[in-house]
file structure_15.txt (compact mmCIF, C-alpha atoms)
# COMPACT_ATOMS: atom_id res chain seq x y z
CA ALA P 21 -129.75 -91.32 -101.74
CA VAL P 22 -129.63 -94.76 -100.16
CA THR P 23 -133.06 -95.82 -98.86
CA VAL P 24 -132.66 -99.61 -98.39
CA ALA P 25 -129.89 -101.25 -96.36
CA ALA P 26 -129.15 -104.86 -95.44
CA PHE P 27 -127.10 -105.82 -92.39
CA PRO P 28 -126.41 -108.77 -90.12
CA PRO P 29 -128.55 -108.46 -86.97
CA ALA P 30 -125.58 -107.60 -84.74
CA TYR P 31 -124.70 -104.60 -86.90
CA LEU P 32 -128.33 -103.48 -87.09
CA GLN P 33 -128.45 -103.49 -83.28
CA GLN P 34 -125.25 -101.42 -83.08
CA LEU P 35 -126.69 -98.94 -85.56
CA ALA P 36 -129.86 -98.66 -83.47
CA GLU P 37 -127.82 -98.14 -80.29
CA GLN P 38 -125.84 -95.34 -81.96
CA ALA P 39 -129.05 -93.71 -83.18
CA ILE P 40 -130.25 -93.56 -79.58
CA VAL P 41 -126.94 -92.18 -78.30
CA HIS P 42 -126.75 -89.49 -80.99
CA GLY P 43 -130.49 -88.83 -81.23
CA HIS P 44 -130.46 -89.24 -85.01
CA ALA P 45 -131.22 -92.24 -87.21
CA PRO P 46 -130.12 -92.58 -90.84
CA SER P 47 -132.97 -91.85 -93.23
CA MET P 48 -133.59 -95.40 -94.45
CA ARG P 49 -136.93 -96.55 -95.77
CA ILE P 50 -136.21 -100.27 -95.32
CA TYR P 51 -133.75 -102.25 -93.20
CA CYS P 52 -133.21 -105.89 -94.17
CA PHE P 53 -131.49 -108.26 -91.79
CA GLY P 54 -130.77 -111.97 -91.62
CA GLY P 55 -128.19 -114.63 -90.91
CA ASP P 56 -128.85 -114.89 -87.18
CA ALA P 57 -131.91 -115.03 -84.96
CA VAL P 58 -133.13 -111.60 -83.87
CA PRO P 59 -134.45 -111.48 -80.30
CA GLU P 60 -137.63 -109.48 -79.75
CA ALA P 61 -135.73 -106.84 -77.72
CA ALA P 62 -133.29 -106.25 -80.60
CA TYR P 63 -136.18 -106.01 -83.07
CA GLN P 64 -138.00 -103.48 -80.87
CA LEU P 65 -134.80 -101.45 -80.46
CA ALA P 66 -134.26 -101.27 -84.23
CA HIS P 67 -137.93 -100.47 -84.78
CA GLN P 68 -137.99 -97.63 -82.24
CA ALA P 69 -134.53 -96.15 -82.76
CA LEU P 70 -134.23 -96.36 -86.56
CA LYS P 71 -137.90 -95.68 -87.42
CA PRO P 72 -137.92 -97.40 -90.83
CA GLN P 73 -141.06 -97.84 -92.89
CA HIS P 74 -140.28 -101.57 -93.04
CA LEU P 75 -138.01 -104.12 -91.36
CA ILE P 76 -137.43 -107.34 -93.30
CA ASN P 77 -136.09 -110.51 -91.71
CA GLY P 78 -134.79 -112.81 -94.43
CA TYR P 79 -133.72 -116.42 -94.36
CA GLY P 80 -131.81 -118.42 -96.92
CA PRO P 81 -128.72 -120.55 -97.46
CA THR P 82 -125.61 -118.57 -96.56
CA GLU P 83 -123.64 -119.86 -99.53
CA THR P 84 -126.09 -118.44 -102.08
CA VAL P 85 -127.78 -115.14 -102.74
CA VAL P 86 -131.28 -116.51 -102.26
CA THR P 87 -133.94 -115.51 -99.75
CA PRO P 88 -136.71 -118.10 -100.02
CA LEU P 89 -138.38 -116.98 -96.78
CA LEU P 90 -138.87 -113.54 -95.33
CA TRP P 91 -140.98 -111.60 -92.88
CA LYS P 92 -141.79 -107.99 -93.76
CA ALA P 93 -142.96 -105.79 -90.90
CA ASP P 94 -144.28 -102.27 -91.36
CA ALA P 95 -143.87 -99.42 -88.87
CA LYS P 96 -146.88 -100.63 -86.84
CA THR P 97 -145.97 -104.34 -86.64
CA ALA P 98 -144.83 -105.73 -83.31
CA CYS P 99 -142.57 -108.76 -83.19
CA GLY P 100 -145.01 -110.82 -81.13
CA ALA P 101 -142.57 -113.69 -80.50
CA ALA P 102 -139.29 -114.43 -78.71
CA TYR P 103 -137.50 -113.92 -82.04
CA ALA P 104 -138.41 -112.08 -85.24
CA PRO P 105 -140.30 -114.55 -87.43
CA ILE P 106 -139.27 -115.64 -90.91
call {"tool": "encode", "arguments": {"input": "structure_15.txt", "output": "structure tokens"}}
result
Amino acid sequence: AVTVAAFPPAYLQQLAEQAIVHGHAPSMRIYCFGGDAVPEAAYQLAHQALKPQHLINGYGPTETVVTPLLWKADAKTACGAAYAPI
């Protein structure tokens, strides 16, 4: 079974919104996102609706498959900023 998924932030937010509407989140252990800034409200929505063990915000050059910076948040970690840190 798939337990780790990586999406652009806009898609992650849509997935979280659908989980709320349908009352069921996919059984993912980790969601990775990156490519755009993630506002605190979008982070909180994904955290609450999808209930992953970890959310990972990655940052790296778009033209390569490299993530030199990332922020890994567990199920108890609040965003604590206007945007999810990297």
call {"tool": "residues_around", "arguments": {"input": "structure_15.txt", "residues": "Glu37 in chain P", "least_positions_apart": "5", "cutoff": "9 Å", "atoms": "only C-alpha atoms", "output": "list in words"}}
result
Leu32, His42, Leu65, Ala66 and Ala69 of chain P
call {"tool": "atom_distance", "arguments": {"input": "structure_15.txt", "atom1": "CA of Leu89 in chain P", "atom2": "CA of Met48 in chain P"}}
result
22.2 Å
call {"tool": "atom_distance", "arguments": {"input": "structure_15.txt", "atom1": "CA of Tyr51 in chain P", "atom2": "CA of Ile76 in chain P"}}
result
6.3 Å
call {"tool": "atom_distance", "arguments": {"input": "structure_15.txt", "atom1": "CA of Gly43 in chain P", "atom2": "CA of Ala26 in chain P"}}
result
21.5 Å
call {"tool": "closest_residue", "arguments": {"input": "structure_15.txt", "among": "P:His74, P:His67, P:Lys92, P:Arg49", "to": "Ile106 in chain P", "atoms": "all atoms listed in the file"}}
result
P:Lys92
call {"tool": "residues_around", "arguments": {"input": "structure_15.txt", "residues": "Gly100 in chain P", "least_positions_apart": "4", "cutoff": "9 Å", "atoms": "only C-alpha atoms", "output": "MDAnalysis selection string"}}
result
chainID P and resid 60 104:105
call {"tool": "residues_near_point", "arguments": {"input": "structure_15.txt", "point": "(-128.8, -115.2, -85.3)", "cutoff": "9 Å", "atoms": "all atoms listed in the file", "output": "number ranges by chain"}}
result
P: 28-30, 54-59
call {"tool": "closest_residue", "arguments": {"input": "structure_15.txt", "among": "P:Thr23, P:Gln33, P:Gln38, P:Asn77", "to": "Tyr103 in chain P", "atoms": "all atoms listed in the file"}}
result
P:Asn77
call {"tool": "build_atoms", "arguments": {"input": "structure_15.txt", "residues": "range 35-46 of chain P", "atoms": "all heavy atoms", "output": "PDB file, in the coordinates of the input"}}
result
ATOM      1  N   LEU P  35    -126.208-100.147 -84.898  1.00  0.00           N
ATOM      2  CA  LEU P  35    -126.690 -98.940 -85.560  1.00  0.00           C
ATOM      3  C   LEU P  35    -127.828 -98.318 -84.770  1.00  0.00           C
ATOM      4  O   LEU P  35    -127.871 -97.103 -84.572  1.00  0.00           O
ATOM      5  CB  LEU P  35    -127.134 -99.286 -86.984  1.00  0.00           C
ATOM      6  CG  LEU P  35    -127.495 -98.133 -87.897  1.00  0.00           C
ATOM      7  CD1 LEU P  35    -126.306 -97.213 -88.120  1.00  0.00           C
ATOM      8  CD2 LEU P  35    -128.010 -98.670 -89.221  1.00  0.00           C
ATOM      9  N   ALA P  36    -128.743 -99.149 -84.280  1.00  0.00           N
ATOM     10  CA  ALA P  36    -129.860 -98.660 -83.470  1.00  0.00           C
ATOM     11  C   ALA P  36    -129.359 -98.036 -82.166  1.00  0.00           C
ATOM     12  O   ALA P  36    -129.831 -96.973 -81.743  1.00  0.00           O
ATOM     13  CB  ALA P  36    -130.835 -99.794 -83.184  1.00  0.00           C
ATOM     14  N   GLU P  37    -128.387 -98.679 -81.532  1.00  0.00           N
ATOM     15  CA  GLU P  37    -127.820 -98.140 -80.290  1.00  0.00           C
ATOM     16  C   GLU P  37    -127.178 -96.777 -80.531  1.00  0.00           C
ATOM     17  O   GLU P  37    -127.340 -95.853 -79.724  1.00  0.00           O
ATOM     18  CB  GLU P  37    -126.822 -99.124 -79.699  1.00  0.00           C
ATOM     19  CG  GLU P  37    -127.478-100.375 -79.144  1.00  0.00           C
ATOM     20  CD  GLU P  37    -126.490-101.496 -78.827  1.00  0.00           C
ATOM     21  OE1 GLU P  37    -125.281-101.363 -79.120  1.00  0.00           O
ATOM     22  OE2 GLU P  37    -126.947-102.530 -78.293  1.00  0.00           O
ATOM     23  N   GLN P  38    -126.468 -96.626 -81.634  1.00  0.00           N
ATOM     24  CA  GLN P  38    -125.840 -95.340 -81.960  1.00  0.00           C
ATOM     25  C   GLN P  38    -126.888 -94.277 -82.270  1.00  0.00           C
ATOM     26  O   GLN P  38    -126.713 -93.110 -81.932  1.00  0.00           O
ATOM     27  CB  GLN P  38    -124.881 -95.497 -83.142  1.00  0.00           C
ATOM     28  CG  GLN P  38    -123.607 -96.219 -82.785  1.00  0.00           C
ATOM     29  CD  GLN P  38    -122.833 -95.498 -81.701  1.00  0.00           C
ATOM     30  OE1 GLN P  38    -122.564 -94.304 -81.801  1.00  0.00           O
ATOM     31  NE2 GLN P  38    -122.495 -96.206 -80.652  1.00  0.00           N
ATOM     32  N   ALA P  39    -127.976 -94.669 -82.897  1.00  0.00           N
ATOM     33  CA  ALA P  39    -129.050 -93.710 -83.180  1.00  0.00           C
ATOM     34  C   ALA P  39    -129.641 -93.167 -81.891  1.00  0.00           C
ATOM     35  O   ALA P  39    -129.964 -91.979 -81.801  1.00  0.00           O
ATOM     36  CB  ALA P  39    -130.141 -94.381 -84.019  1.00  0.00           C
ATOM     37  N   ILE P  40    -129.752 -94.017 -80.877  1.00  0.00           N
ATOM     38  CA  ILE P  40    -130.250 -93.560 -79.580  1.00  0.00           C
ATOM     39  C   ILE P  40    -129.248 -92.624 -78.925  1.00  0.00           C
ATOM     40  O   ILE P  40    -129.611 -91.551 -78.435  1.00  0.00           O
ATOM     41  CB  ILE P  40    -130.565 -94.765 -78.666  1.00  0.00           C
ATOM     42  CG1 ILE P  40    -131.811 -95.476 -79.179  1.00  0.00           C
ATOM     43  CG2 ILE P  40    -130.769 -94.316 -77.225  1.00  0.00           C
ATOM     44  CD1 ILE P  40    -132.120 -96.761 -78.472  1.00  0.00           C
ATOM     45  N   VAL P  41    -127.976 -93.000 -78.933  1.00  0.00           N
ATOM     46  CA  VAL P  41    -126.940 -92.180 -78.300  1.00  0.00           C
ATOM     47  C   VAL P  41    -126.852 -90.799 -78.944  1.00  0.00           C
ATOM     48  O   VAL P  41    -126.767 -89.785 -78.256  1.00  0.00           O
ATOM     49  CB  VAL P  41    -125.557 -92.890 -78.389  1.00  0.00           C
ATOM     50  CG1 VAL P  41    -124.429 -91.951 -78.006  1.00  0.00           C
ATOM     51  CG2 VAL P  41    -125.554 -94.129 -77.507  1.00  0.00           C
ATOM     52  N   HIS P  42    -126.908 -90.751 -80.267  1.00  0.00           N
ATOM     53  CA  HIS P  42    -126.750 -89.490 -80.990  1.00  0.00           C
ATOM     54  C   HIS P  42    -128.065 -88.774 -81.284  1.00  0.00           C
ATOM     55  O   HIS P  42    -128.065 -87.653 -81.786  1.00  0.00           O
ATOM     56  CB  HIS P  42    -125.970 -89.719 -82.286  1.00  0.00           C
ATOM     57  CG  HIS P  42    -124.571 -90.193 -82.033  1.00  0.00           C
ATOM     58  ND1 HIS P  42    -123.587 -89.386 -81.520  1.00  0.00           N
ATOM     59  CD2 HIS P  42    -124.008 -91.414 -82.197  1.00  0.00           C
ATOM     60  CE1 HIS P  42    -122.474 -90.075 -81.381  1.00  0.00           C
ATOM     61  NE2 HIS P  42    -122.700 -91.313 -81.780  1.00  0.00           N
ATOM     62  N   GLY P  43    -129.187 -89.446 -81.015  1.00  0.00           N
ATOM     63  CA  GLY P  43    -130.490 -88.830 -81.230  1.00  0.00           C
ATOM     64  C   GLY P  43    -130.847 -88.626 -82.691  1.00  0.00           C
ATOM     65  O   GLY P  43    -131.677 -87.787 -83.016  1.00  0.00           O
ATOM     66  N   HIS P  44    -130.204 -89.404 -83.568  1.00  0.00           N
ATOM     67  CA  HIS P  44    -130.460 -89.240 -85.010  1.00  0.00           C
ATOM     68  C   HIS P  44    -130.284 -90.587 -85.702  1.00  0.00           C
ATOM     69  O   HIS P  44    -129.249 -91.220 -85.581  1.00  0.00           O
ATOM     70  CB  HIS P  44    -129.492 -88.218 -85.601  1.00  0.00           C
ATOM     71  CG  HIS P  44    -129.630 -88.065 -87.077  1.00  0.00           C
ATOM     72  ND1 HIS P  44    -130.706 -87.467 -87.666  1.00  0.00           N
ATOM     73  CD2 HIS P  44    -128.821 -88.453 -88.082  1.00  0.00           C
ATOM     74  CE1 HIS P  44    -130.551 -87.483 -88.981  1.00  0.00           C
ATOM     75  NE2 HIS P  44    -129.415 -88.081 -89.256  1.00  0.00           N
ATOM     76  N   ALA P  45    -131.296 -90.991 -86.439  1.00  0.00           N
ATOM     77  CA  ALA P  45    -131.220 -92.240 -87.210  1.00  0.00           C
ATOM     78  C   ALA P  45    -130.992 -91.921 -88.684  1.00  0.00           C
ATOM     79  O   ALA P  45    -131.478 -90.903 -89.178  1.00  0.00           O
ATOM     80  CB  ALA P  45    -132.516 -93.024 -87.048  1.00  0.00           C
ATOM     81  N   PRO P  46    -130.251 -92.775 -89.393  1.00  0.00           N
ATOM     82  CA  PRO P  46    -130.120 -92.580 -90.840  1.00  0.00           C
ATOM     83  C   PRO P  46    -131.511 -92.609 -91.493  1.00  0.00           C
ATOM     84  O   PRO P  46    -132.423 -93.264 -90.996  1.00  0.00           O
ATOM     85  CB  PRO P  46    -129.295 -93.800 -91.288  1.00  0.00           C
ATOM     86  CG  PRO P  46    -128.610 -94.283 -90.060  1.00  0.00           C
ATOM     87  CD  PRO P  46    -129.530 -93.950 -88.923  1.00  0.00           C
TER      88      PRO P  46
END
